[in-house]
Amino acid sequence: MQRRDLILATAVSMAFVSCPVFAKQEQDPFEWVLSVSNGILQEIKANPQLHAGDPVALQALVDNRVMACVDFTMMTRMTVGPKWRQASPEERQRLMTGFEKLLIRIYSGALKNVKDHTCELRPTRNRKVKDEMVIRTLLKAQGQPDIGLDYRIYCNKAGEWKIVDVNVEGIWMVENYRSQFASTLNQDGVPGLIRLLEEKTDALVDANAQKTK
């Protein structure tokens with residue numbers, strides 16, 4: 001894995017599971033992002049299974065906590081693009097399930113790289129709160145260069161902040177995967193992307209099983 005991919009994997013791993021509670025709009029979004037980022041870093045360090053990148057432990061954390069504060073429907077829709085509108089309700093659910101499992105399988109191993117990392121807000125003069133925002137932070141670790149880590153969040157109709165995308169050193173996760181999936185969607189449509197997601201996940205499961213033998 002190239003350094004850029006490893007950084008993206010580590011950061012997305014944290015972003016994908018970095019939401020212990022949902023936040024109401026009254027809560028400062030800057031402090032919320034900072035709190036949840038550092039909270040999950042501490043949890044990874046304290047939990048040997050998470051730190052080892054155990055997919056079962058990571059799946060449990062996602063199921064129990066992440067879906068409360070990440071708008072994963074919107075994240076998947078943005079990743080799929082215009083063809084999302086052509087998908088049936090069943091196909092949309094399979095797309096979300098396949099994308100979630102793929103992210104977990106790909107990024108679980110990157111959690112091993114979490115050491116003494118902490119998250120800090122980047123200096124900014126503009127602290128005006130809006131319904132849609134990009135919160136810019138830095139991921140810091142002793143003896144390592146800082147990593148730019150930005151969260152795209154919005155406030156939904158219920159007044160809750162939700163994460164919908166993550167930017168690591170200039171790479172937006174949604175755009176990154178949308179470009180990867182574009183050729184499959186153009187050639188084989190939504191059914192083709194569903195097959196691709198499921199095949200990739202199965203391949204990663206088989207690869208991990210071989211490593212543990």
# chains A, B, ... in the order shown; residues from 1 in each chain; ligands from 1
$ select_by_dssp --residues "region 46-113 of chain A" --states "alpha helix (DSSP H)" --output "MDAnalysis selection string"
chainID A and resid 46 48:51 55:64 72:80 89:107
$ residues_around --residues "Asn38 (chain A)" --least-positions-apart "4" --cutoff "8 Å" --atoms "only C-alpha atoms" --output "PyMOL selection string"
chain A and resi 34+42+118-119
$ residues_around --residues "Lys83 (chain A)" --least-positions-apart "4" --cutoff "9 Å" --atoms "only C-alpha atoms" --output "ChimeraX atom specification"
/A:77,87,185,189-190
$ residues_around --residues "Tyr154 (chain A)" --least-positions-apart "6" --cutoff "7 Å" --atoms "only C-alpha atoms" --output "list of chain:residue names"
A:Asp131, A:Glu132, A:Met133, A:Trp161, A:Lys162, A:Ile163
$ residues_around --residues "Glu91 (chain A)" --least-positions-apart "3" --cutoff "9 Å" --atoms "only C-alpha atoms" --output "compact mmCIF listing (two decimals) with all heavy atoms, in the first residue's frame"
# COMPACT_ATOMS: atom_id res chain seq x y z
N ALA A 87 -31.47 3.08 -9.12
CA ALA A 87 -31.43 1.87 -8.30
C ALA A 87 -32.74 1.68 -7.54
O ALA A 87 -33.34 2.65 -7.06
CB ALA A 87 -30.27 1.94 -7.31
N SER A 88 -33.18 0.44 -7.43
CA SER A 88 -34.37 0.12 -6.64
C SER A 88 -34.02 0.21 -5.15
O SER A 88 -32.84 0.23 -4.79
CB SER A 88 -34.84 -1.29 -6.97
OG SER A 88 -33.90 -2.25 -6.51
N ARG A 94 -28.30 -2.90 -0.92
CA ARG A 94 -27.15 -3.76 -1.21
C ARG A 94 -25.91 -2.93 -1.51
O ARG A 94 -24.79 -3.33 -1.15
CB ARG A 94 -27.47 -4.68 -2.38
CG ARG A 94 -28.50 -5.76 -2.04
CD ARG A 94 -28.77 -6.67 -3.22
NE ARG A 94 -27.61 -7.48 -3.56
CZ ARG A 94 -27.57 -8.30 -4.62
NH1 ARG A 94 -28.63 -8.39 -5.44
NH2 ARG A 94 -26.49 -9.02 -4.87
N LEU A 95 -26.09 -1.78 -2.15
CA LEU A 95 -24.96 -0.89 -2.39
C LEU A 95 -24.38 -0.38 -1.08
O LEU A 95 -23.16 -0.38 -0.88
CB LEU A 95 -25.40 0.31 -3.25
CG LEU A 95 -25.62 0.04 -4.74
CD1 LEU A 95 -26.32 1.23 -5.39
CD2 LEU A 95 -24.29 -0.25 -5.45
N MET A 96 -25.25 0.04 -0.16
CA MET A 96 -24.78 0.54 1.13
C MET A 96 -24.09 -0.56 1.93
O MET A 96 -23.03 -0.35 2.52
CB MET A 96 -25.94 1.14 1.92
CG MET A 96 -26.44 2.46 1.36
SD MET A 96 -27.61 3.30 2.47
CE MET A 96 -29.02 2.22 2.35
N VAL A 190 -25.80 -0.39 -12.02
CA VAL A 190 -25.86 -0.66 -10.57
C VAL A 190 -25.65 -2.14 -10.24
O VAL A 190 -24.92 -2.47 -9.31
CB VAL A 190 -27.19 -0.13 -10.00
CG1 VAL A 190 -27.41 -0.65 -8.57
CG2 VAL A 190 -27.20 1.39 -10.01
N PRO A 191 -26.28 -3.09 -10.99
CA PRO A 191 -26.04 -4.51 -10.68
C PRO A 191 -24.56 -4.88 -10.76
O PRO A 191 -24.07 -5.67 -9.96
CB PRO A 191 -26.86 -5.25 -11.74
CG PRO A 191 -27.97 -4.30 -12.08
CD PRO A 191 -27.32 -2.94 -12.04
N ILE A 194 -22.80 -3.64 -7.62
CA ILE A 194 -23.12 -4.51 -6.48
C ILE A 194 -22.26 -5.76 -6.52
O ILE A 194 -21.69 -6.18 -5.51
CB ILE A 194 -24.62 -4.87 -6.49
CG1 ILE A 194 -25.46 -3.63 -6.16
CG2 ILE A 194 -24.91 -5.99 -5.48
CD1 ILE A 194 -26.95 -3.84 -6.32
